[in-house]
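> Structure file coords.cif, mmCIF, C-alpha atoms, is pasted below:
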data_start
loop_
_atom_site.label_atom_id
_atom_site.label_comp_id
_atom_site.auth_asym_id
_atom_site.auth_seq_id
_atom_site.Cartn_x
_atom_site.Cartn_y
_atom_site.Cartn_z
CA MET A 105 -48.63 271.07 168.41
CA PRO A 106 -45.71 268.73 167.95
CA GLU A 107 -44.88 265.73 170.10
CA ALA A 108 -41.52 265.20 171.83
CA ILE A 109 -39.14 262.65 173.25
CA SER A 110 -36.93 263.95 176.05
CA ASN A 111 -33.55 262.97 177.35
CA THR A 112 -32.60 263.62 180.96
CA SER A 113 -30.90 267.01 180.82
CA PRO A 114 -33.75 269.08 179.35
CA LEU A 115 -36.12 267.69 181.98
CA LEU A 116 -33.59 268.30 184.73
CA TYR A 117 -32.66 271.84 183.68
CA LEU A 118 -36.24 272.94 182.99
CA TYR A 119 -37.27 271.55 186.38
CA ARG A 120 -34.44 273.33 188.18
CA ILE A 121 -35.25 276.70 186.62
CA GLY A 122 -38.98 276.38 187.28
CA ALA A 123 -39.89 275.94 183.63
CA ILE A 124 -40.71 272.23 183.24
CA GLU A 125 -44.39 273.07 182.77
CA LEU A 126 -43.51 274.75 179.47
CA LEU A 127 -43.26 271.29 177.92
CA PRO A 128 -46.97 270.36 177.99
CA ALA A 129 -47.76 273.84 176.67
CA LEU A 130 -45.39 273.31 173.72
CA PHE A 131 -46.01 269.62 172.98
CA ASN A 132 -49.11 267.43 172.74
CA GLU A 133 -47.17 264.55 174.26
CA VAL A 134 -43.79 264.12 175.92
CA TRP A 135 -42.21 260.68 176.03
CA SER A 136 -39.10 259.60 177.89
CA PRO A 137 -37.55 256.14 177.98
CA GLU A 138 -37.05 254.21 181.22
CA ALA A 139 -33.32 254.93 181.02
CA VAL A 140 -34.09 258.64 181.55
CA ARG A 141 -36.26 257.88 184.56
CA ASP A 142 -33.51 255.61 185.90
CA GLU A 143 -30.88 258.36 185.53
CA LEU A 144 -33.12 260.78 187.42
CA ASN A 145 -33.76 258.19 190.14
CA VAL A 146 -30.00 257.69 190.59
CA GLY A 147 -29.62 261.44 191.00
CA PHE A 148 -32.41 261.49 193.58
CA SER A 149 -30.84 258.61 195.53
CA ARG A 150 -27.61 260.63 195.68
CA GLY A 151 -29.43 263.64 197.12
CA TYR A 152 -29.74 265.78 194.00
CA ASP A 153 -32.74 267.96 193.24
CA VAL A 154 -34.29 266.16 190.28
CA PRO A 155 -37.84 265.92 188.93
CA ASP A 156 -39.97 262.93 189.89
CA LEU A 157 -41.52 261.95 186.58
CA HIS A 158 -44.52 260.41 188.36
CA VAL A 159 -45.59 263.95 189.34
CA TYR A 160 -46.02 264.91 185.68
CA PRO A 161 -48.92 262.99 184.12
CA TRP A 162 -48.07 264.46 180.72
CA ILE A 163 -44.75 262.53 180.61
CA THR A 164 -45.18 258.98 179.35
CA ILE A 165 -42.48 256.34 179.72
CA VAL A 166 -41.95 254.66 176.34
CA ASN A 167 -39.02 252.44 175.42
CA PRO A 168 -37.46 251.92 172.01
CA SER A 169 -37.87 248.51 170.45
CA ALA A 170 -34.17 248.40 169.49
CA MET A 171 -30.92 250.27 170.08
CA PRO A 172 -28.41 250.91 167.29
CA SER A 173 -25.39 248.89 168.40
CA GLU A 174 -22.90 251.39 166.94
CA TRP A 175 -24.13 254.02 169.41
CA LEU A 176 -23.24 251.83 172.39
CA ALA A 177 -19.52 252.44 171.80
CA LEU A 178 -19.93 256.22 171.85
CA ASP A 179 -19.50 258.48 174.86
CA LEU A 180 -23.24 258.78 175.42
CA GLY A 181 -25.35 258.02 178.47
CA PRO A 182 -28.05 255.36 178.51
CA GLY A 183 -30.78 258.02 178.51
CA GLU A 184 -29.37 259.71 175.40
CA ILE A 185 -29.01 256.43 173.53
CA ALA A 186 -32.52 255.27 174.45
CA ALA A 187 -34.11 258.64 173.65
CA MET A 188 -32.38 258.82 170.27
CA ALA A 189 -33.29 255.21 169.47
CA LEU A 190 -36.93 255.99 170.28
CA ALA A 191 -36.77 259.09 168.09
CA LEU A 192 -35.49 256.96 165.20
CA GLU A 193 -38.67 254.91 165.51
CA TYR A 194 -40.90 258.01 165.76
CA ARG A 195 -39.18 260.47 163.45
CA GLU A 196 -42.10 262.91 163.46
CA ARG A 197 -41.34 263.71 167.11
CA VAL A 198 -38.94 266.39 168.26
CA ILE A 199 -36.09 265.01 170.37
CA LEU A 200 -34.95 267.10 173.33
CA LEU A 201 -31.17 266.82 173.85
CA ASP A 202 -28.51 269.13 175.26
CA ASP A 203 -25.32 267.07 174.93
CA ARG A 204 -23.29 268.24 171.93
CA LEU A 205 -22.27 264.78 170.71
CA ALA A 206 -25.81 263.44 171.10
CA ARG A 207 -27.21 266.41 169.19
CA CYS A 208 -24.71 265.92 166.33
CA ILE A 209 -25.53 262.23 166.05
CA ALA A 210 -29.28 262.87 166.17
CA GLN A 211 -29.04 265.59 163.53
CA ALA A 212 -26.89 263.33 161.32
CA ALA A 213 -29.63 260.71 161.65
CA GLY A 214 -32.13 263.26 160.33
CA LEU A 215 -33.92 263.84 163.63
CA GLN A 216 -35.46 267.17 164.62
CA VAL A 217 -33.44 268.24 167.66
CA TRP A 218 -34.31 270.88 170.23
CA GLY A 219 -32.25 271.74 173.26
CA THR A 220 -33.35 273.39 176.49
CA LEU A 221 -32.53 276.81 175.03
CA LYS A 222 -34.74 276.15 171.98
CA VAL A 223 -37.58 275.24 174.34
CA LEU A 224 -37.21 278.66 175.95
CA ILE A 225 -37.07 280.46 172.59
CA GLU A 226 -40.23 278.69 171.41
CA ALA A 227 -41.98 279.41 174.72
CA LYS A 228 -41.27 283.10 174.25
CA ARG A 229 -42.25 283.00 170.57
CA ILE A 230 -45.75 281.75 171.40
CA GLY A 231 -46.14 284.02 174.44
CA LEU A 232 -45.69 281.56 177.30
CA ILE A 233 -42.89 283.67 178.78
CA ASP A 234 -42.04 287.35 178.30
CA ARG A 235 -38.25 287.13 178.47
CA ILE A 236 -35.76 284.29 178.25
CA ALA A 237 -32.77 286.12 179.75
CA PRO A 238 -33.77 285.34 183.36
CA PHE A 239 -34.15 281.65 182.45
CA VAL A 240 -30.78 281.62 180.67
CA ASN A 241 -29.21 283.14 183.80
CA ARG A 242 -30.82 280.44 185.95
CA LEU A 243 -29.58 277.73 183.59
CA SER A 244 -26.04 279.04 184.03
CA ASP A 245 -26.55 279.13 187.80
CA GLN A 246 -27.69 275.49 187.64
CA GLY A 247 -24.55 274.36 185.86
CA MET A 248 -25.42 274.52 182.16
CA TRP A 249 -22.37 275.84 180.36
CA ILE A 250 -23.42 278.62 178.00
CA SER A 251 -20.61 280.49 176.26
CA VAL A 252 -20.78 284.26 175.90
CA THR A 253 -21.20 283.80 172.15
CA MET A 254 -24.05 281.33 172.61
CA ARG A 255 -25.74 283.58 175.17
CA ARG A 256 -25.62 286.52 172.76
CA ARG A 257 -26.94 284.35 169.93
CA ILE A 258 -29.82 283.01 172.01
CA LEU A 259 -30.81 286.45 173.26
CA SER A 260 -30.58 287.80 169.71
CA LEU A 261 -32.84 284.99 168.42
CA ALA A 262 -35.28 285.88 171.19
CA ARG A 263 -34.99 289.56 170.23
CA GLU A 264 -33.70 290.51 173.65
CA ASP A 265 -30.88 292.91 174.40
CA GLU A 266 -27.91 291.93 176.55
CA PRO A 267 -28.46 293.33 180.06
#
Represent the structure of the file as structure tokens.

Amino acid sequence: MPEAISNTSPLLYLYRIGAIELLPALFNEVWSPEAVRDELNVGFSRGYDVPDLHVYPWITIVNPSAMPSEWLALDLGPGEIAAMALALEYRERVILLDDRLARCIAQAAGLQVWGTLKVLIEAKRIGLIDRIAPFVNRLSDQGMWISVTMRRRILSLAREDEP
């Protein structure tokens, strides 16, 4: 099984749709930098329903040794920058990102990028879930913007028909 580094949004969305436990079934290890934990803690302090990373012993907090200075000027959050910097140091790991700009930058840097939807597709592929459509619906309900075209593409990749 591969190993992963996660940004905030995949952890948040998977938690909110009741699917965060797919991660330890898909990955040997899941790392997140302190900046991700800090972003989640800010959300908690503001009353949002966010995962408490201490509850998940399979998530390890690991920080990058350096941050590419050119990324600091981009419209990226601290969690995205730290997660991508860590992935640059550990290129064999999958990086979990949902933000479009972050994904483009990570892919341009040669990193293997998965989003929350890819996690669901892989979970179905190996038999952890039967259908992804209910999870995609819950993601939309939780605020993830998924275009009609993207929804059709994801369901097609999962070999599911549109309801």
> Using only C-alpha atoms, give me every residue within 12 Å of (-39.2, 283.7, 176.8) in file coordinates, as a ChimeraX atom specification.
/A:123,126,220-240,258-264
> Can you tell me, as AutoDock Vina command-line options, the centre and edge lengths (Å, one decimal) of the axis-aligned box enclosing all of range 186-205 of chain A's listed atoms after padding each side by 4 Å?

--center_x -32.2 --center_y 262.0 --center_z 169.4 --size_x 27.8 --size_y 22.2 --size_z 19.8
> Care to translate the PyMOL selection byres ((chain A and resi 187-196) around 9) into actual residues of this file, as a compact mmCIF listing (two decimals) with C-alpha atoms, keeping the file's coordinate frame?

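After the write, expr.txt holds the following:
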# COMPACT_ATOMS: atom_id res chain seq x y z
CA PRO A 106 -45.71 268.73 167.95
CA GLU A 107 -44.88 265.73 170.10
CA ALA A 108 -41.52 265.20 171.83
CA ILE A 109 -39.14 262.65 173.25
CA SER A 110 -36.93 263.95 176.05
CA ASN A 111 -33.55 262.97 177.35
CA THR A 112 -32.60 263.62 180.96
CA TRP A 135 -42.21 260.68 176.03
CA SER A 136 -39.10 259.60 177.89
CA PRO A 137 -37.55 256.14 177.98
CA ALA A 139 -33.32 254.93 181.02
CA VAL A 140 -34.09 258.64 181.55
CA VAL A 166 -41.95 254.66 176.34
CA ASN A 167 -39.02 252.44 175.42
CA PRO A 168 -37.46 251.92 172.01
CA SER A 169 -37.87 248.51 170.45
CA ALA A 170 -34.17 248.40 169.49
CA MET A 171 -30.92 250.27 170.08
CA PRO A 172 -28.41 250.91 167.29
CA PRO A 182 -28.05 255.36 178.51
CA GLY A 183 -30.78 258.02 178.51
CA GLU A 184 -29.37 259.71 175.40
CA ILE A 185 -29.01 256.43 173.53
CA ALA A 186 -32.52 255.27 174.45
CA ARG A 197 -41.34 263.71 167.11
CA VAL A 198 -38.94 266.39 168.26
CA ILE A 199 -36.09 265.01 170.37
CA LEU A 200 -34.95 267.10 173.33
CA LEU A 201 -31.17 266.82 173.85
CA ALA A 206 -25.81 263.44 171.10
CA ILE A 209 -25.53 262.23 166.05
CA ALA A 210 -29.28 262.87 166.17
CA ALA A 213 -29.63 260.71 161.65
CA GLY A 214 -32.13 263.26 160.33
CA LEU A 215 -33.92 263.84 163.63
CA GLN A 216 -35.46 267.17 164.62
> With a distance cut-off of 12 Å and all atoms listed in the file, select the neighbouring residues of Trp249 in chain A, excluding the residue or stretch itself and same-chain residues fewer than 5 positions from it, and output the selection as a PDB file with C-alpha atoms, in the coordinates of the input.

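Dumped to around_8.pdb:
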ATOM      1  CA  TYR A 117     -32.660 271.840 183.680  1.00  0.00           C
ATOM      2  CA  ASP A 202     -28.510 269.130 175.260  1.00  0.00           C
ATOM      3  CA  ASP A 203     -25.320 267.070 174.930  1.00  0.00           C
ATOM      4  CA  ARG A 204     -23.290 268.240 171.930  1.00  0.00           C
ATOM      5  CA  THR A 220     -33.350 273.390 176.490  1.00  0.00           C
ATOM      6  CA  LEU A 221     -32.530 276.810 175.030  1.00  0.00           C
ATOM      7  CA  VAL A 240     -30.780 281.620 180.670  1.00  0.00           C
ATOM      8  CA  ASN A 241     -29.210 283.140 183.800  1.00  0.00           C
ATOM      9  CA  ARG A 242     -30.820 280.440 185.950  1.00  0.00           C
ATOM     10  CA  LEU A 243     -29.580 277.730 183.590  1.00  0.00           C
ATOM     11  CA  SER A 244     -26.040 279.040 184.030  1.00  0.00           C
ATOM     12  CA  MET A 254     -24.050 281.330 172.610  1.00  0.00           C
ATOM     13  CA  ARG A 255     -25.740 283.580 175.170  1.00  0.00           C
TER      14      ARG A 255
END
> What separation in Å, quoted to one decimal, exists between CA of Ala129 in chain A and CA of Gly219 in chain A?
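A separation of 16.0 Å between them.
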> For a cutoff of 9 Å around the file-coordinate point (-41.3, 270.8, 181.0), which residues qualify once you count all atoms listed in the file? I'd like the result as JSON, numbers by chain.
{"A": [114, 115, 116, 118, 119, 122, 123, 124, 125, 126, 127, 128, 129, 130, 134, 160, 163, 223]}
> Could you please determine the separation between CA of Gly181 in chain A and CA of Asp245 in chain A in Å, to one decimal place?
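That distance, rounded to one decimal, is 23.1 Å.
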> By how many Å are CA of Glu138 in chain A and CA of Ile165 in chain A apart?
6.0 Å
